[in-house]
file final-v6.cif (mmCIF, C-alpha atoms)
data_model
loop_
_atom_site.group_PDB
_atom_site.id
_atom_site.type_symbol
_atom_site.label_atom_id
_atom_site.label_comp_id
_atom_site.auth_asym_id
_atom_site.auth_seq_id
_atom_site.Cartn_x
_atom_site.Cartn_y
_atom_site.Cartn_z
ATOM 1 C CA MET A 107 -109.284 -250.151 35.753
ATOM 2 C CA ILE A 108 -112.173 -251.789 37.589
ATOM 3 C CA ARG A 109 -114.212 -252.776 34.524
ATOM 4 C CA GLY A 110 -111.105 -254.237 32.925
ATOM 5 C CA GLY A 111 -110.547 -256.581 35.896
ATOM 6 C CA HIS A 112 -107.279 -254.930 36.948
ATOM 7 C CA ILE A 113 -108.246 -254.415 40.627
ATOM 8 C CA ASP A 114 -107.446 -257.239 43.027
ATOM 9 C CA ILE A 115 -109.164 -255.916 46.164
ATOM 10 C CA ALA A 116 -112.029 -253.495 46.767
ATOM 11 C CA ILE A 117 -112.721 -252.303 50.324
ATOM 12 C CA LEU A 118 -116.204 -250.898 50.838
ATOM 13 C CA GLY A 119 -118.535 -249.862 53.595
ATOM 14 C CA ALA A 120 -121.965 -251.464 53.743
ATOM 15 C CA MET A 121 -125.325 -251.014 55.351
ATOM 16 C CA GLU A 122 -126.062 -254.740 55.255
ATOM 17 C CA VAL A 123 -124.275 -257.978 54.383
ATOM 18 C CA SER A 124 -125.978 -261.367 54.099
ATOM 19 C CA GLU A 125 -124.610 -264.716 55.164
ATOM 20 C CA GLN A 126 -124.277 -265.619 51.466
ATOM 21 C CA GLY A 127 -121.986 -262.624 50.897
ATOM 22 C CA ASP A 128 -124.557 -260.285 49.343
ATOM 23 C CA ILE A 129 -123.904 -256.580 49.966
ATOM 24 C CA ALA A 130 -126.313 -253.651 50.214
ATOM 25 C CA ASN A 131 -124.557 -250.298 50.347
ATOM 26 C CA TRP A 132 -125.933 -247.856 47.798
ATOM 27 C CA THR A 133 -129.243 -246.578 49.148
ATOM 28 C CA ILE A 134 -130.462 -245.315 52.483
ATOM 29 C CA PRO A 135 -134.203 -245.720 53.131
ATOM 30 C CA GLY A 136 -135.984 -242.371 52.995
ATOM 31 C CA LYS A 137 -133.003 -240.495 51.499
ATOM 32 C CA VAL A 138 -132.945 -238.960 48.035
ATOM 33 C CA LEU A 139 -129.913 -240.090 46.045
ATOM 34 C CA LYS A 140 -128.618 -239.110 42.628
ATOM 35 C CA GLY A 141 -127.641 -242.662 41.712
ATOM 36 C CA MET A 142 -125.961 -245.816 42.858
ATOM 37 C CA GLY A 143 -122.411 -244.669 42.172
ATOM 38 C CA GLY A 144 -119.578 -247.034 41.336
ATOM 39 C CA ALA A 145 -120.047 -249.649 44.049
ATOM 40 C CA MET A 146 -121.705 -252.111 41.671
ATOM 41 C CA ASP A 147 -118.722 -251.840 39.344
ATOM 42 C CA LEU A 148 -116.366 -252.399 42.280
ATOM 43 C CA VAL A 149 -118.081 -255.532 43.613
ATOM 44 C CA SER A 150 -118.422 -257.062 40.164
ATOM 45 C CA GLY A 151 -114.939 -256.142 38.905
ATOM 46 C CA ALA A 152 -112.645 -256.738 41.891
ATOM 47 C CA LYS A 153 -111.215 -260.195 42.502
ATOM 48 C CA ARG A 154 -111.796 -259.859 46.256
ATOM 49 C CA VAL A 155 -114.291 -257.708 48.194
ATOM 50 C CA ILE A 156 -113.691 -256.673 51.802
ATOM 51 C CA VAL A 157 -116.402 -254.935 53.829
ATOM 52 C CA ALA A 158 -115.535 -252.562 56.659
ATOM 53 C CA MET A 159 -118.616 -251.749 58.727
ATOM 54 C CA GLU A 160 -120.036 -251.737 62.205
ATOM 55 C CA GLN A 161 -122.129 -254.819 62.914
ATOM 56 C CA VAL A 162 -124.907 -252.813 64.547
ATOM 57 C CA ALA A 163 -126.735 -249.797 63.095
ATOM 58 C CA ARG A 164 -127.344 -246.607 65.106
ATOM 59 C CA ASP A 165 -130.844 -247.817 65.959
ATOM 60 C CA GLY A 166 -129.415 -251.091 67.355
ATOM 61 C CA SER A 167 -130.485 -253.281 64.437
ATOM 62 C CA LYS A 168 -128.169 -255.987 63.136
ATOM 63 C CA LYS A 169 -126.328 -255.438 59.863
ATOM 64 C CA LEU A 170 -124.971 -258.966 59.284
ATOM 65 C CA LEU A 171 -128.164 -260.732 58.251
ATOM 66 C CA LYS A 172 -129.469 -264.008 56.871
ATOM 67 C CA GLU A 173 -130.768 -261.980 53.895
ATOM 68 C CA CYS A 174 -130.337 -258.291 53.082
ATOM 69 C CA ARG A 175 -133.469 -256.184 53.394
ATOM 70 C CA LEU A 176 -132.118 -253.254 51.364
ATOM 71 C CA PRO A 177 -131.607 -253.227 47.578
ATOM 72 C CA LEU A 178 -128.475 -255.211 46.687
ATOM 73 C CA THR A 179 -125.282 -253.780 45.299
ATOM 74 C CA GLY A 180 -123.924 -257.252 44.547
ATOM 75 C CA LYS A 181 -124.759 -260.917 45.090
ATOM 76 C CA LYS A 182 -122.330 -263.415 46.656
ATOM 77 C CA CYS A 183 -119.397 -261.060 46.248
ATOM 78 C CA VAL A 184 -118.157 -260.328 49.799
ATOM 79 C CA ASN A 185 -115.082 -262.328 50.759
ATOM 80 C CA HIS A 186 -114.174 -260.752 54.094
ATOM 81 C CA GLY A 187 -115.681 -258.448 56.687
ATOM 82 C CA HIS A 188 -114.232 -256.478 59.564
ATOM 83 C CA GLU A 189 -115.505 -254.719 62.639
ATOM 84 C CA ARG A 190 -114.818 -255.416 66.268
ATOM 85 C CA ALA A 191 -115.234 -259.137 65.696
ATOM 86 C CA GLY A 192 -113.982 -259.838 62.215
ATOM 87 C CA GLY A 193 -115.443 -262.497 59.999
ATOM 88 C CA ASP A 194 -114.494 -264.578 57.018
ATOM 89 C CA ARG A 195 -116.662 -265.925 54.228
ATOM 90 C CA HIS A 196 -114.732 -268.005 51.755
ATOM 91 C CA HIS A 197 -117.515 -268.822 49.261
ATOM 92 C CA ALA A 198 -118.715 -271.643 51.496
ATOM 93 C CA PRO A 199 -122.433 -272.252 51.968
ATOM 94 C CA GLY A 200 -123.969 -271.449 55.318
ATOM 95 C CA ALA A 201 -123.120 -268.930 57.967
ATOM 96 C CA PRO A 202 -119.833 -267.046 58.068
ATOM 97 C CA ALA A 203 -117.025 -268.001 60.418
ATOM 98 C CA ALA A 204 -116.025 -265.506 63.081
ATOM 99 C CA ARG A 205 -112.895 -264.644 65.001
ATOM 100 C CA SER A 206 -113.294 -262.297 67.910
ATOM 101 C CA CYS A 207 -110.886 -259.514 68.775
ATOM 102 C CA PRO A 208 -109.345 -259.169 72.238
ATOM 103 C CA GLY A 209 -112.011 -258.301 74.796
ATOM 104 C CA VAL A 210 -114.874 -259.547 72.604
ATOM 105 C CA THR A 211 -116.183 -263.067 73.159
ATOM 106 C CA PRO A 212 -117.692 -265.265 70.457
ATOM 107 C CA ASP A 213 -121.023 -264.949 72.303
ATOM 108 C CA ASP A 214 -120.775 -261.132 72.062
ATOM 109 C CA VAL A 215 -120.355 -261.468 68.304
ATOM 110 C CA GLN A 216 -123.287 -263.880 67.954
ATOM 111 C CA LYS A 217 -125.611 -261.512 69.847
ATOM 112 C CA VAL A 218 -125.190 -258.840 67.164
ATOM 113 C CA THR A 219 -125.260 -261.253 64.198
ATOM 114 C CA GLU A 220 -128.444 -262.713 62.718
ATOM 115 C CA PRO A 221 -127.030 -265.884 61.085
ATOM 116 C CA LYS A 222 -125.594 -268.626 63.278
ATOM 117 C CA LEU A 223 -121.812 -268.231 63.218
ATOM 118 C CA ARG A 224 -119.264 -271.023 62.987
ATOM 119 C CA ILE A 225 -116.834 -270.234 65.800
ATOM 120 C CA PRO A 226 -113.344 -271.714 65.280
ATOM 121 C CA LEU A 227 -111.891 -273.685 68.197
ATOM 122 C CA SER A 228 -109.052 -271.156 68.422
ATOM 123 C CA CYS A 229 -111.632 -268.661 69.749
ATOM 124 C CA GLY A 230 -111.970 -270.591 73.000
ATOM 125 C CA ARG A 231 -115.138 -272.513 72.198
#
call {"tool": "encode", "arguments": {"input": "final-v6.cif", "output": "structure tokens"}}
result
Amino acid sequence: MIRGGHIDIAILGAMEVSEQGDIANWTIPGKVLKGMGGAMDLVSGAKRVIVAMEQVARDGSKKLLKECRLPLTGKKCVNHGHERAGGDRHHAPGAPAARSCPGVTPDDVQKVTEPKLRIPLSCGR
């Protein structure tokens, strides 16, 4: 199904996402893994890729980065991301746009995001 291009949307978790839409989700530093699994097939075969992840790792480090530090699963393939803030990347160059959820300000989102975000006027900026 996925290799034949029959899947419209793939929803994946990630350890890191870059501002260009690169995704790193198949290896954990210091962990022994049997292989990369099917995530590379999913990001290359789906028409749209959505990432569901927390923006901050357990150690407090940012996960939405200018460039991924971990080995990539796919390049320029993420179309949409969600966490407490939400963010869109519609294949446009530069930093992703952000919409904040109730109780989260655009400044709160920027503090946990490495790239400079474009905050829509509807977010109260």
call {"tool": "resolve_selection", "arguments": {"input": "final-v6.cif", "expression": "the PyMOL selection byres ((chain A and resi 161) around 8)", "output": "list in words"}}
result
Met159, Glu160, Val162, Ala163, Lys168, Lys169, Leu170, Glu189, Val218 and Thr219 of chain A
call {"tool": "resolve_selection", "arguments": {"input": "final-v6.cif", "expression": "the PyMOL selection byres ((chain A and resi 136-144) around 12)", "output": "list in words"}}
result
Ile108, Arg109, Ala116, Leu118, Ala130, Asn131, Trp132, Thr133, Ile134, Pro135, Ala145, Met146, Asp147, Leu148, Val149, Ser150, Gly151, Ala152, Leu176, Pro177, Leu178, Thr179 and Gly180 of chain A
call {"tool": "closest_residue", "arguments": {"input": "final-v6.cif", "among": "A:Met121, A:Val157, A:His112, A:Gln126", "to": "Lys181 of chain A", "atoms": "all atoms listed in the file"}}
result
A:Gln126
call {"tool": "atom_distance", "arguments": {"input": "final-v6.cif", "atom1": "atom CA of Glu173 of chain A", "atom2": "atom CA of Asp128 of chain A"}}
result
7.9 Å
call {"tool": "atom_distance", "arguments": {"input": "final-v6.cif", "atom1": "atom CA of Cys183 of chain A", "atom2": "atom CA of Val155 of chain A"}}
result
6.4 Å
call {"tool": "atom_distance", "arguments": {"input": "final-v6.cif", "atom1": "atom CA of Gln216 of chain A", "atom2": "atom CA of Leu171 of chain A"}}
result
11.3 Å
call {"tool": "decode", "arguments": {"input": "final-v6.cif", "residues": "segment 114-192 of chain A", "atoms": "C-alpha atoms", "output": "PDB file, in the first residue's frame"}}
result
ATOM      1  CA  ASP A 114      -2.705   9.837   1.566  1.00  0.00           C
ATOM      2  CA  ILE A 115      -1.588  10.622   5.127  1.00  0.00           C
ATOM      3  CA  ALA A 116       1.030   9.138   7.447  1.00  0.00           C
ATOM      4  CA  ILE A 117       1.073  10.209  11.107  1.00  0.00           C
ATOM      5  CA  LEU A 118       4.358   9.548  12.878  1.00  0.00           C
ATOM      6  CA  GLY A 119       6.155  10.390  16.067  1.00  0.00           C
ATOM      7  CA  ALA A 120       9.579  11.991  15.830  1.00  0.00           C
ATOM      8  CA  MET A 121      12.604  12.727  17.924  1.00  0.00           C
ATOM      9  CA  GLU A 122      13.509  15.782  15.853  1.00  0.00           C
ATOM     10  CA  VAL A 123      12.033  17.849  13.027  1.00  0.00           C
ATOM     11  CA  SER A 124      13.905  20.575  11.150  1.00  0.00           C
ATOM     12  CA  GLU A 125      12.527  23.853   9.893  1.00  0.00           C
ATOM     13  CA  GLN A 126      12.850  22.487   6.340  1.00  0.00           C
ATOM     14  CA  GLY A 127      10.556  19.566   7.209  1.00  0.00           C
ATOM     15  CA  ASP A 128      13.244  16.914   7.691  1.00  0.00           C
ATOM     16  CA  ILE A 129      12.336  14.179  10.190  1.00  0.00           C
ATOM     17  CA  ALA A 130      14.541  12.051  12.437  1.00  0.00           C
ATOM     18  CA  ASN A 131      12.643   9.264  14.163  1.00  0.00           C
ATOM     19  CA  TRP A 132      14.313   5.894  13.707  1.00  0.00           C
ATOM     20  CA  THR A 133      17.296   5.799  16.053  1.00  0.00           C
ATOM     21  CA  ILE A 134      17.892   6.716  19.661  1.00  0.00           C
ATOM     22  CA  PRO A 135      21.489   7.635  20.556  1.00  0.00           C
ATOM     23  CA  GLY A 136      23.119   4.907  22.629  1.00  0.00           C
ATOM     24  CA  LYS A 137      20.348   2.344  22.005  1.00  0.00           C
ATOM     25  CA  VAL A 138      20.797  -0.882  20.066  1.00  0.00           C
ATOM     26  CA  LEU A 139      18.187  -1.254  17.330  1.00  0.00           C
ATOM     27  CA  LYS A 140      17.433  -4.068  14.916  1.00  0.00           C
ATOM     28  CA  GLY A 141      16.776  -1.721  12.007  1.00  0.00           C
ATOM     29  CA  MET A 142      15.069   1.424  10.876  1.00  0.00           C
ATOM     30  CA  GLY A 143      11.635  -0.114  10.401  1.00  0.00           C
ATOM     31  CA  GLY A 144       9.084   1.193   7.931  1.00  0.00           C
ATOM     32  CA  ALA A 145       9.212   4.906   8.717  1.00  0.00           C
ATOM     33  CA  MET A 146      11.346   5.684   5.665  1.00  0.00           C
ATOM     34  CA  ASP A 147       8.779   3.971   3.460  1.00  0.00           C
ATOM     35  CA  LEU A 148       5.997   5.953   5.137  1.00  0.00           C
ATOM     36  CA  VAL A 149       7.603   9.385   4.715  1.00  0.00           C
ATOM     37  CA  SER A 150       8.575   8.714   1.114  1.00  0.00           C
ATOM     38  CA  GLY A 151       5.312   7.042   0.060  1.00  0.00           C
ATOM     39  CA  ALA A 152       2.584   9.086   1.767  1.00  0.00           C
ATOM     40  CA  LYS A 153       1.224  12.192   0.072  1.00  0.00           C
ATOM     41  CA  ARG A 154       1.162  14.073   3.390  1.00  0.00           C
ATOM     42  CA  VAL A 155       3.206  13.544   6.575  1.00  0.00           C
ATOM     43  CA  ILE A 156       1.974  14.696   9.981  1.00  0.00           C
ATOM     44  CA  VAL A 157       4.235  14.571  13.039  1.00  0.00           C
ATOM     45  CA  ALA A 158       2.809  14.167  16.532  1.00  0.00           C
ATOM     46  CA  MET A 159       5.468  14.848  19.159  1.00  0.00           C
ATOM     47  CA  GLU A 160       6.293  16.887  22.204  1.00  0.00           C
ATOM     48  CA  GLN A 161       8.371  19.946  21.367  1.00  0.00           C
ATOM     49  CA  VAL A 162      10.752  19.381  24.269  1.00  0.00           C
ATOM     50  CA  ALA A 163      12.662  16.186  25.099  1.00  0.00           C
ATOM     51  CA  ARG A 164      12.790  14.734  28.629  1.00  0.00           C
ATOM     52  CA  ASP A 165      16.151  16.417  29.195  1.00  0.00           C
ATOM     53  CA  GLY A 166      14.655  19.816  28.238  1.00  0.00           C
ATOM     54  CA  SER A 167      16.286  20.031  24.810  1.00  0.00           C
ATOM     55  CA  LYS A 168      14.337  21.386  21.854  1.00  0.00           C
ATOM     56  CA  LYS A 169      13.039  18.976  19.224  1.00  0.00           C
ATOM     57  CA  LEU A 170      11.952  21.472  16.539  1.00  0.00           C
ATOM     58  CA  LEU A 171      15.346  22.529  15.217  1.00  0.00           C
ATOM     59  CA  LYS A 172      17.002  24.519  12.454  1.00  0.00           C
ATOM     60  CA  GLU A 173      18.686  21.244  11.407  1.00  0.00           C
ATOM     61  CA  CYS A 174      18.234  17.724  12.771  1.00  0.00           C
ATOM     62  CA  ARG A 175      21.177  16.350  14.720  1.00  0.00           C
ATOM     63  CA  LEU A 176      20.053  12.713  14.523  1.00  0.00           C
ATOM     64  CA  PRO A 177      20.175  10.521  11.396  1.00  0.00           C
ATOM     65  CA  LEU A 178      17.322  11.466   9.049  1.00  0.00           C
ATOM     66  CA  THR A 179      14.343   9.317   8.226  1.00  0.00           C
ATOM     67  CA  GLY A 180      13.281  11.669   5.433  1.00  0.00           C
ATOM     68  CA  LYS A 181      14.173  15.042   3.929  1.00  0.00           C
ATOM     69  CA  LYS A 182      11.630  17.840   3.389  1.00  0.00           C
ATOM     70  CA  CYS A 183       8.705  15.500   3.922  1.00  0.00           C
ATOM     71  CA  VAL A 184       6.865  16.833   7.009  1.00  0.00           C
ATOM     72  CA  ASN A 185       3.764  18.841   6.157  1.00  0.00           C
ATOM     73  CA  HIS A 186       2.250  19.376   9.599  1.00  0.00           C
ATOM     74  CA  GLY A 187       3.205  19.035  13.242  1.00  0.00           C
ATOM     75  CA  HIS A 188       1.217  18.956  16.451  1.00  0.00           C
ATOM     76  CA  GLU A 189       1.886  19.322  20.137  1.00  0.00           C
ATOM     77  CA  ARG A 190       0.640  21.907  22.565  1.00  0.00           C
ATOM     78  CA  ALA A 191       1.306  24.670  20.061  1.00  0.00           C
ATOM     79  CA  GLY A 192       0.678  23.205  16.649  1.00  0.00           C
TER      80      GLY A 192
END
